[in-house]
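File shown here: input.pdb, holding PDB, C-alpha atoms.
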```
ATOM      1  CA  MET S   1       0.000   0.000   0.000  1.00  0.00           C
ATOM      2  CA  SER S   2       1.320   3.422  -0.915  1.00  0.00           C
ATOM      3  CA  ALA S   3       0.986   6.513   1.259  1.00  0.00           C
ATOM      4  CA  ALA S   4      -1.967   7.713  -0.852  1.00  0.00           C
ATOM      5  CA  ASP S   5      -3.727   4.390  -0.290  1.00  0.00           C
ATOM      6  CA  LEU S   6      -3.214   4.720   3.451  1.00  0.00           C
ATOM      7  CA  VAL S   7      -4.755   8.212   3.452  1.00  0.00           C
ATOM      8  CA  VAL S   8      -7.756   6.973   1.445  1.00  0.00           C
ATOM      9  CA  ALA S   9      -8.190   3.996   3.788  1.00  0.00           C
ATOM     10  CA  ALA S  10      -8.027   6.253   6.844  1.00  0.00           C
ATOM     11  CA  LEU S  11     -10.624   8.658   5.373  1.00  0.00           C
ATOM     12  CA  LEU S  12     -12.947   5.756   4.530  1.00  0.00           C
ATOM     13  CA  LEU S  13     -12.648   4.161   7.966  1.00  0.00           C
ATOM     14  CA  VAL S  14     -13.213   7.433   9.852  1.00  0.00           C
ATOM     15  CA  GLY S  15     -16.222   8.345   7.684  1.00  0.00           C
ATOM     16  CA  VAL S  16     -17.790   4.911   8.069  1.00  0.00           C
ATOM     17  CA  THR S  17     -17.146   4.896  11.825  1.00  0.00           C
ATOM     18  CA  LEU S  18     -19.035   8.204  12.086  1.00  0.00           C
ATOM     19  CA  SER S  19     -22.034   6.568  10.407  1.00  0.00           C
ATOM     20  CA  LEU S  20     -21.886   3.669  12.854  1.00  0.00           C
ATOM     21  CA  LEU S  21     -21.649   6.038  15.844  1.00  0.00           C
ATOM     22  CA  ALA S  22     -24.694   7.936  14.580  1.00  0.00           C
ATOM     23  CA  ALA S  23     -26.684   4.707  14.311  1.00  0.00           C
ATOM     24  CA  VAL S  24     -25.610   3.714  17.836  1.00  0.00           C
ATOM     25  CA  GLY S  25     -26.506   7.202  19.088  1.00  0.00           C
ATOM     26  CA  LEU S  26     -29.971   6.911  17.544  1.00  0.00           C
ATOM     27  CA  ASN S  27     -30.646   3.917  19.760  1.00  0.00           C
ATOM     28  CA  ARG S  28     -28.876   5.102  22.915  1.00  0.00           C
ATOM     29  CA  PHE S  29     -29.996   8.710  23.334  1.00  0.00           C
ATOM     30  CA  THR S  30     -33.231   9.495  25.097  1.00  0.00           C
ATOM     31  CA  ASN S  31     -35.014  12.242  23.152  1.00  0.00           C
ATOM     32  CA  VAL S  32     -35.399  13.516  19.593  1.00  0.00           C
ATOM     33  CA  TYR S  33     -33.045  16.473  19.944  1.00  0.00           C
ATOM     34  CA  SER S  34     -30.119  14.489  21.354  1.00  0.00           C
ATOM     35  CA  ARG S  35     -30.712  11.783  18.714  1.00  0.00           C
ATOM     36  CA  MET S  36     -30.532  14.481  16.022  1.00  0.00           C
ATOM     37  CA  HIS S  37     -27.303  15.695  17.600  1.00  0.00           C
ATOM     38  CA  ALA S  38     -25.832  12.239  16.987  1.00  0.00           C
ATOM     39  CA  ALA S  39     -27.464  11.716  13.583  1.00  0.00           C
ATOM     40  CA  THR S  40     -26.459  14.965  11.873  1.00  0.00           C
ATOM     41  CA  LYS S  41     -22.683  14.533  12.223  1.00  0.00           C
ATOM     42  CA  PRO S  42     -22.188  11.811   9.571  1.00  0.00           C
ATOM     43  CA  ALA S  43     -24.640  13.632   7.280  1.00  0.00           C
ATOM     44  CA  THR S  44     -21.963  16.277   6.735  1.00  0.00           C
ATOM     45  CA  LEU S  45     -18.567  15.084   7.964  1.00  0.00           C
ATOM     46  CA  GLY S  46     -18.981  11.364   7.239  1.00  0.00           C
ATOM     47  CA  VAL S  47     -20.242  11.808   3.681  1.00  0.00           C
ATOM     48  CA  VAL S  48     -17.619  14.484   2.983  1.00  0.00           C
ATOM     49  CA  LEU S  49     -14.757  12.256   4.190  1.00  0.00           C
ATOM     50  CA  VAL S  50     -15.899   9.201   2.209  1.00  0.00           C
ATOM     51  CA  ALA S  51     -16.672  11.229  -0.935  1.00  0.00           C
ATOM     52  CA  ALA S  52     -13.259  12.926  -0.682  1.00  0.00           C
ATOM     53  CA  ALA S  53     -11.618   9.499  -0.432  1.00  0.00           C
ATOM     54  CA  ALA S  54     -13.587   8.271  -3.451  1.00  0.00           C
ATOM     55  CA  SER S  55     -12.803  11.391  -5.499  1.00  0.00           C
ATOM     56  CA  THR S  56      -9.074  10.620  -5.339  1.00  0.00           C
ATOM     57  CA  ARG S  57      -9.630   7.097  -6.725  1.00  0.00           C
ATOM     58  CA  MET S  58     -11.667   7.946  -9.830  1.00  0.00           C
ATOM     59  CA  ALA S  59      -9.979   7.398 -13.197  1.00  0.00           C
ATOM     60  CA  ASP S  60     -12.292   9.801 -15.036  1.00  0.00           C
ATOM     61  CA  PRO S  61     -11.993  13.506 -14.005  1.00  0.00           C
ATOM     62  CA  ASP S  62     -15.757  13.896 -14.585  1.00  0.00           C
ATOM     63  CA  ASP S  63     -16.400  11.467 -11.734  1.00  0.00           C
ATOM     64  CA  THR S  64     -14.153  13.490  -9.418  1.00  0.00           C
ATOM     65  CA  VAL S  65     -16.192  16.597 -10.254  1.00  0.00           C
ATOM     66  CA  LYS S  66     -19.432  14.705  -9.540  1.00  0.00           C
ATOM     67  CA  LEU S  67     -18.150  13.726  -6.094  1.00  0.00           C
ATOM     68  CA  LEU S  68     -17.119  17.325  -5.379  1.00  0.00           C
ATOM     69  CA  VAL S  69     -20.657  18.415  -6.347  1.00  0.00           C
ATOM     70  CA  VAL S  70     -22.016  15.833  -3.883  1.00  0.00           C
ATOM     71  CA  ILE S  71     -19.750  17.247  -1.144  1.00  0.00           C
ATOM     72  CA  VAL S  72     -20.835  20.849  -1.774  1.00  0.00           C
ATOM     73  CA  LEU S  73     -24.549  19.978  -1.978  1.00  0.00           C
ATOM     74  CA  GLN S  74     -24.356  17.837   1.144  1.00  0.00           C
ATOM     75  CA  LEU S  75     -22.654  20.651   3.073  1.00  0.00           C
ATOM     76  CA  ILE S  76     -25.475  22.999   2.049  1.00  0.00           C
ATOM     77  CA  THR S  77     -28.504  20.726   2.391  1.00  0.00           C
ATOM     78  CA  ALA S  78     -27.749  18.588   5.476  1.00  0.00           C
ATOM     79  CA  PRO S  79     -27.779  21.446   8.048  1.00  0.00           C
ATOM     80  CA  VAL S  80     -30.896  22.938   6.435  1.00  0.00           C
ATOM     81  CA  GLY S  81     -32.731  19.612   6.626  1.00  0.00           C
ATOM     82  CA  ALA S  82     -31.658  19.044  10.238  1.00  0.00           C
ATOM     83  CA  HIS S  83     -32.781  22.562  11.154  1.00  0.00           C
ATOM     84  CA  LEU S  84     -36.203  21.965   9.589  1.00  0.00           C
ATOM     85  CA  VAL S  85     -36.688  18.651  11.405  1.00  0.00           C
ATOM     86  CA  GLY S  86     -35.639  20.196  14.717  1.00  0.00           C
ATOM     87  CA  ARG S  87     -37.972  23.155  14.260  1.00  0.00           C
ATOM     88  CA  ALA S  88     -40.864  20.915  13.260  1.00  0.00           C
ATOM     89  CA  ALA S  89     -40.258  18.683  16.290  1.00  0.00           C
ATOM     90  CA  TYR S  90     -40.125  21.708  18.613  1.00  0.00           C
ATOM     91  CA  ARG S  91     -43.242  23.385  17.217  1.00  0.00           C
ATOM     92  CA  GLY S  92     -45.023  20.036  17.157  1.00  0.00           C
ATOM     93  CA  GLY S  93     -44.623  19.883  20.927  1.00  0.00           C
ATOM     94  CA  THR S  94     -42.056  17.077  21.226  1.00  0.00           C
ATOM     95  CA  PRO S  95     -40.944  16.919  24.895  1.00  0.00           C
ATOM     96  CA  LEU S  96     -37.651  18.702  25.544  1.00  0.00           C
ATOM     97  CA  GLY S  97     -36.265  16.050  27.891  1.00  0.00           C
ATOM     98  CA  PRO S  98     -34.018  17.184  30.737  1.00  0.00           C
ATOM     99  CA  LEU S  99     -33.821  20.838  29.575  1.00  0.00           C
ATOM    100  CA  THR S 100     -34.599  23.302  32.365  1.00  0.00           C
ATOM    101  CA  LEU S 101     -34.390  26.603  30.452  1.00  0.00           C
ATOM    102  CA  ASP S 102     -36.271  27.115  27.176  1.00  0.00           C
ATOM    103  CA  GLU S 103     -35.285  30.482  25.706  1.00  0.00           C
ATOM    104  CA  LEU S 104     -36.744  29.541  22.321  1.00  0.00           C
ATOM    105  CA  ALA S 105     -40.245  29.603  23.844  1.00  0.00           C
ATOM    106  CA  GLU S 106     -39.870  33.343  24.588  1.00  0.00           C
ATOM    107  CA  ALA S 107     -38.720  34.035  21.035  1.00  0.00           C
ATOM    108  CA  GLU S 108     -41.602  32.027  19.573  1.00  0.00           C
ATOM    109  CA  HIS S 109     -44.008  33.884  21.859  1.00  0.00           C
ATOM    110  CA  ARG S 110     -42.656  37.255  20.675  1.00  0.00           C
ATOM    111  CA  ARG S 111     -42.931  36.148  17.046  1.00  0.00           C
ATOM    112  CA  ASP S 112     -46.550  35.145  17.459  1.00  0.00           C
ATOM    113  CA  GLY S 113     -47.267  38.476  19.193  1.00  0.00           C
TER     114      GLY S 113
ATOM    115  CA  MET O   1      -7.927  -1.633  -0.743  1.00  0.00           C
ATOM    116  CA  THR O   2     -10.508  -4.396  -1.191  1.00  0.00           C
ATOM    117  CA  ALA O   3      -9.998  -5.514   2.411  1.00  0.00           C
ATOM    118  CA  VAL O   4     -10.560  -1.956   3.697  1.00  0.00           C
ATOM    119  CA  THR O   5     -13.731  -1.489   1.644  1.00  0.00           C
ATOM    120  CA  THR O   6     -15.038  -4.877   2.812  1.00  0.00           C
ATOM    121  CA  VAL O   7     -14.629  -3.784   6.436  1.00  0.00           C
ATOM    122  CA  CYS O   8     -16.280  -0.433   5.615  1.00  0.00           C
ATOM    123  CA  LEU O   9     -19.261  -2.090   3.940  1.00  0.00           C
ATOM    124  CA  ALA O  10     -19.667  -4.497   6.893  1.00  0.00           C
ATOM    125  CA  VAL O  11     -19.677  -1.558   9.333  1.00  0.00           C
ATOM    126  CA  LEU O  12     -22.241   0.240   7.148  1.00  0.00           C
ATOM    127  CA  VAL O  13     -24.491  -2.834   7.151  1.00  0.00           C
ATOM    128  CA  VAL O  14     -24.415  -2.812  10.965  1.00  0.00           C
ATOM    129  CA  ALA O  15     -25.170   0.942  10.979  1.00  0.00           C
ATOM    130  CA  GLY O  16     -28.100   0.446   8.588  1.00  0.00           C
ATOM    131  CA  LEU O  17     -29.506  -2.365  10.715  1.00  0.00           C
ATOM    132  CA  LEU O  18     -29.269  -0.160  13.828  1.00  0.00           C
ATOM    133  CA  CYS O  19     -31.223   2.561  11.960  1.00  0.00           C
ATOM    134  CA  LEU O  20     -33.890  -0.019  11.092  1.00  0.00           C
ATOM    135  CA  VAL O  21     -34.022  -1.099  14.763  1.00  0.00           C
ATOM    136  CA  ARG O  22     -34.590   2.528  15.765  1.00  0.00           C
ATOM    137  CA  LEU O  23     -37.281   2.793  13.084  1.00  0.00           C
ATOM    138  CA  ALA O  24     -39.091  -0.291  14.393  1.00  0.00           C
ATOM    139  CA  ARG O  25     -38.961   0.758  18.052  1.00  0.00           C
ATOM    140  CA  PRO O  26     -41.804   2.958  19.299  1.00  0.00           C
ATOM    141  CA  GLY O  27     -41.140   6.657  18.905  1.00  0.00           C
ATOM    142  CA  SER O  28     -42.502   9.948  17.620  1.00  0.00           C
ATOM    143  CA  LEU O  29     -42.748  10.915  13.941  1.00  0.00           C
ATOM    144  CA  ALA O  30     -39.597  13.035  14.357  1.00  0.00           C
ATOM    145  CA  ASP O  31     -37.721   9.951  15.593  1.00  0.00           C
ATOM    146  CA  ARG O  32     -38.666   8.075  12.459  1.00  0.00           C
ATOM    147  CA  ILE O  33     -37.708  10.957  10.178  1.00  0.00           C
ATOM    148  CA  VAL O  34     -34.279  11.168  11.834  1.00  0.00           C
ATOM    149  CA  ALA O  35     -33.834   7.372  11.571  1.00  0.00           C
ATOM    150  CA  LEU O  36     -34.799   7.321   7.882  1.00  0.00           C
ATOM    151  CA  ASP O  37     -32.546  10.305   7.177  1.00  0.00           C
ATOM    152  CA  THR O  38     -29.627   8.498   8.823  1.00  0.00           C
ATOM    153  CA  LEU O  39     -30.441   5.373   6.807  1.00  0.00           C
ATOM    154  CA  LEU O  40     -30.175   7.459   3.607  1.00  0.00           C
ATOM    155  CA  VAL O  41     -26.845   8.900   4.772  1.00  0.00           C
ATOM    156  CA  VAL O  42     -25.621   5.337   5.355  1.00  0.00           C
ATOM    157  CA  THR O  43     -26.814   4.441   1.829  1.00  0.00           C
ATOM    158  CA  VAL O  44     -24.968   7.414   0.295  1.00  0.00           C
ATOM    159  CA  THR O  45     -21.814   6.488   2.202  1.00  0.00           C
ATOM    160  CA  GLY O  46     -22.184   2.888   1.018  1.00  0.00           C
ATOM    161  CA  ILE O  47     -22.456   3.916  -2.639  1.00  0.00           C
ATOM    162  CA  ALA O  48     -19.296   6.029  -2.252  1.00  0.00           C
ATOM    163  CA  VAL O  49     -17.436   3.114  -0.637  1.00  0.00           C
ATOM    164  CA  ALA O  50     -18.624   0.837  -3.456  1.00  0.00           C
ATOM    165  CA  ALA O  51     -17.271   3.377  -5.972  1.00  0.00           C
ATOM    166  CA  VAL O  52     -13.862   3.190  -4.254  1.00  0.00           C
ATOM    167  CA  ARG O  53     -14.062  -0.623  -4.321  1.00  0.00           C
ATOM    168  CA  SER O  54     -14.876  -0.887  -8.016  1.00  0.00           C
ATOM    169  CA  GLY O  55     -12.867   2.151  -9.116  1.00  0.00           C
ATOM    170  CA  SER O  56     -15.595   3.075 -11.588  1.00  0.00           C
ATOM    171  CA  GLY O  57     -17.927   6.063 -11.459  1.00  0.00           C
ATOM    172  CA  ALA O  58     -20.960   4.204 -12.766  1.00  0.00           C
ATOM    173  CA  PHE O  59     -23.018   4.690  -9.594  1.00  0.00           C
ATOM    174  CA  LEU O  60     -22.069   8.290  -8.864  1.00  0.00           C
ATOM    175  CA  ASP O  61     -25.246   9.606 -10.498  1.00  0.00           C
ATOM    176  CA  ALA O  62     -27.225   7.430  -8.105  1.00  0.00           C
ATOM    177  CA  LEU O  63     -25.128   8.878  -5.263  1.00  0.00           C
ATOM    178  CA  LEU O  64     -26.003  12.437  -6.310  1.00  0.00           C
ATOM    179  CA  VAL O  65     -29.707  11.652  -6.725  1.00  0.00           C
ATOM    180  CA  THR O  66     -29.925   9.775  -3.404  1.00  0.00           C
ATOM    181  CA  SER O  67     -28.352  12.607  -1.422  1.00  0.00           C
ATOM    182  CA  LEU O  68     -30.675  15.185  -3.000  1.00  0.00           C
ATOM    183  CA  LEU O  69     -33.690  12.899  -2.568  1.00  0.00           C
ATOM    184  CA  GLY O  70     -32.814  12.613   1.127  1.00  0.00           C
ATOM    185  CA  PHE O  71     -32.892  16.393   1.499  1.00  0.00           C
ATOM    186  CA  VAL O  72     -36.154  16.828  -0.422  1.00  0.00           C
ATOM    187  CA  GLY O  73     -37.811  13.981   1.500  1.00  0.00           C
ATOM    188  CA  THR O  74     -36.707  15.238   4.910  1.00  0.00           C
ATOM    189  CA  THR O  75     -37.800  18.780   4.100  1.00  0.00           C
ATOM    190  CA  THR O  76     -41.205  17.669   2.834  1.00  0.00           C
ATOM    191  CA  VAL O  77     -41.984  15.475   5.843  1.00  0.00           C
ATOM    192  CA  ALA O  78     -40.734  18.189   8.223  1.00  0.00           C
ATOM    193  CA  ARG O  79     -43.116  20.721   6.652  1.00  0.00           C
ATOM    194  CA  PHE O  80     -45.916  18.165   6.884  1.00  0.00           C
ATOM    195  CA  MET O  81     -45.117  17.454  10.541  1.00  0.00           C
ATOM    196  CA  GLU O  82     -45.049  21.152  11.415  1.00  0.00           C
ATOM    197  CA  ARG O  83     -48.662  21.511  10.264  1.00  0.00           C
ATOM    198  CA  ARG O  84     -49.918  18.214  11.639  1.00  0.00           C
ATOM    199  CA  GLY O  85     -47.989  17.930  14.925  1.00  0.00           C
ATOM    200  CA  PRO O  86     -45.947  14.928  16.125  1.00  0.00           C
TER     201      PRO O  86
END
```
Would you mind giving the structure from this file in structure tokens?
Amino acid sequence: MSAADLVVAALLLVGVTLSLLAAVGLNRFTNVYSRMHAATKPATLGVVLVAAAASTRMADPDDTVKLLVVIVLQLITAPVGAHLVGRAAYRGGTPLGPLTLDELAEAEHRRDG
Amino acid sequence: MTAVTTVCLAVLVVAGLLCLVRLARPGSLADRIVALDTLLVVTVTGIAVAAVRSGSGAFLDALLVTSLLGFVGTTTVARFMERRGP
């Protein structure tokens, strides 16, 4: 294995491990918000690491560009999607768990007048 | 590199199964959305690992479409849930 192969292998293993940790976190955490905290990390970092590893292995430059497009789109869309799910869960009245201070409630109250 | 990608794919299978376990356990609608979203992320990661394994870019279009479909799906269900409640 060359040095480049080692870097690619390391990127793949770290990215895949992030996915596994998210899946474990989904089952171990106790409420929706903490589960989202675990689940949204591989959506950006995990996919970016694995796609970056794959982009160095492609023979055709077009494929490298496609993977870079995936990275950019994922970096834009994943936080937006997570934000929307979190907001929908909050406004839908999902219990906040062990939180004692809810500053968002004041802001929502001000917004509604 | 084949050995590394085999390990990666095995880990991803375990991650996908854990997402399915979360999906099957009782929970709110938001829980299921998060579990399905994570399952799609695992799928996207798996397609990328498979691309490394085969060295060909044949499935990269599927990768692009799956990641965008995940965003559109999550957004749509989140909007739906905001109107309907959990």
For CA of Leu20 (chain S) and CA of Ser67 (chain O), the interatomic separation in Å (one decimal):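 Atom-to-atom, CA of Leu20 (chain S) to CA of Ser67 (chain O), that is 18.0 Å.
Ranking S:Ser2, S:Asn27, S:Ser34, S:Thr44 by their shortest atom-to-atom distance to Val42 (chain O), with all atoms listed in the file included, puts S:Thr44 first.
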Interface residues on chain S facing chain O, 7 Å, all atoms listed in the file, written as a ChimeraX atom specification: /S:9,13,16,19-20,23-24,26-27,32,36,39,43,47,50-51,54,57-58,63,66,70,77-78,81,84-85,88-89,91-92,94
Separation of CA of Phe29 (chain S) from CA of Asp102 (chain S) in Å: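 Separation between CA of Asp102 (chain S) and CA of Phe29 (chain S): 19.8 Å.
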Edge lengths and centre in Å to one decimal, as lines of an AutoDock Vina configuration file, is what I'm after for the box along x, y and z that holds all listed atoms of region 38-45 of chain O once 8 Å is added on each side.
```
center_x = -26.1
center_y = 6.7
center_z = 4.6
size_x = 24.6
size_y = 20.5
size_z = 24.5
```
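When CA of Gln74 (chain S) is paired with CA of Val48 (chain S), their separation reads 7.7 Å.
Proximity of S:Leu75, S:Leu49, S:Met1, S:Leu6 to Leu18 (chain S), computed with all atoms listed in the file, is greatest for S:Leu49.
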Residue nearest Pro98 (chain S) - candidates S:Arg28, S:Thr40, S:Ala22, S:Tyr33, atoms counted: all atoms listed in the file: S:Tyr33
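Put simply, the PyMOL selection byres ((chain S and resi 97) around 8) in this file takes in S:Thr30, S:Asn31, S:Pro95, S:Leu96, S:Pro98, S:Leu99.
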